[in-house]
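Working notes, beginning with the structure itself.
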Amino acid sequence: MQKRILNGKVYYVVKGDDIHIAVDMVVLAQNNSYDTAILVSGDGDFMPAVEAVQSFGKHVENAYFRTGHSWHLRQACDVSVLLDRDFIQKCILR
């Protein structure tokens with residue numbers, strides 16, 4: 001978290017979370033810690049990490065929301081799932 005001050009008010013902003021996720025994905029794939037990574041993001045900046053993980057023979061599944069998703073990221077991943085209302089409803093036990 002990075003501390004910021006605006007108009008005398010202190011607030012914190014998450015910085016660098018995407019790079020930490022990408023590094024963890026690659027390092028853990030290299031260490032053979034998982035078979036499938038599930039990336040919940042639509043950010044196309046994850047493409048190099050996805051490709052690196054796949055180079056270790058791992059699968060990458062992408063869960064994304066309707067807004068702010070990368071077509072290229074979805075195409076690069078082995079599986080892509082839209083997290084919309086219908087999908088969420090199917091996950092809820094009644």
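Numbering starts fresh at 1 for the residues of each chain in the structure tokens, the chains themselves are lettered A, B, ... in the order given, and ligands are numbered from 1 as they appear.
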
I'd like the contact shell of stretch 22-25 of chain A - 8 Å cut-off, only C-alpha atoms, skipping same-chain residues fewer than 3 positions apart - returned as a tab-separated table (two decimals) with N, CA and C atoms, in the first residue's frame.
```
chain	number	residue	atom	x	y	z
A	18	ASP	N	-0.46	-6.14	-9.45
A	18	ASP	CA	-0.44	-6.99	-10.63
A	18	ASP	C	0.93	-7.60	-10.87
A	19	ILE	N	2.00	-6.86	-10.62
A	19	ILE	CA	3.34	-7.43	-10.82
A	19	ILE	C	3.62	-8.52	-9.79
A	28	LEU	N	5.95	-19.84	-8.92
A	28	LEU	CA	5.29	-21.05	-8.45
A	28	LEU	C	5.15	-22.10	-9.56
A	29	ALA	N	4.98	-21.64	-10.79
A	29	ALA	CA	4.94	-22.58	-11.93
A	29	ALA	C	6.30	-23.24	-12.10
A	37	ALA	N	-3.21	-22.50	-13.05
A	37	ALA	CA	-3.36	-21.19	-12.42
A	37	ALA	C	-4.73	-20.64	-12.82
A	46	PHE	N	-1.16	-9.11	-18.11
A	46	PHE	CA	-0.78	-10.42	-17.60
A	46	PHE	C	-0.33	-11.38	-18.71
A	49	ALA	N	3.10	-13.09	-18.35
A	49	ALA	CA	3.11	-14.06	-17.25
A	49	ALA	C	2.38	-15.33	-17.66
A	53	VAL	N	4.08	-19.00	-17.76
A	53	VAL	CA	3.52	-20.13	-17.02
A	53	VAL	C	3.25	-21.30	-17.96
```

Residues of chain A in strand (DSSP E) according to DSSP, as a list in words?
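Those in chain A that DSSP calls strand (DSSP E) are Gln2, Lys3, Arg4, Ile5, Leu6, Lys9, Val10, Tyr11, Tyr12, Val13, Thr36, Ala37, Ile38, Leu39, Val40, His59, Val60, Glu61, Asn62, Ala63, Tyr64, Val79, Ser80, Val81 and Leu82 of chain A.
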
Atom CA of A:Leu73 to atom CA of A:Met47, distance in Å rounded to a single decimal:
5.8 Å

For A:Gln54: contacts at 12 Å, only C-alpha atoms, fewer than 5 positions along chain excluded, given as a VMD selection string
chain A and resid 25 to 26 29 to 30 32 34 to 37 47 to 49 59 to 61 76 to 78

I need the residues of chain A that end up classed as alpha helix (DSSP H) by DSSP on the backbone, written out as a PyMOL selection string.
chain A and resi 17-30+47-55+71-76+85-91

Counting only C-alpha atoms, which of A:Trp71, A:Tyr11, A:Phe87, A:Phe65 gets nearest to A:Val40?
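Of A:Trp71, A:Tyr11, A:Phe87, A:Phe65, the one nearest A:Val40 is A:Phe65, counting only C-alpha atoms.
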
So that I can check the surroundings of A:Arg4, please list as an MDAnalysis selection string every protein, DNA and RNA residue that reaches within 12 Å of it, counting only C-alpha atoms and ignoring chain neighbours fewer than 4 positions away.
chainID A and resid 8:15

Atom-to-atom span, atom CA of A:Asn62 and atom CA of A:Gly42, Å
7.8 Å

Which value, in Å to one decimal, gives the distance between atom CA of A:Gly57 and atom CA of A:Ser70?
22.7 Å
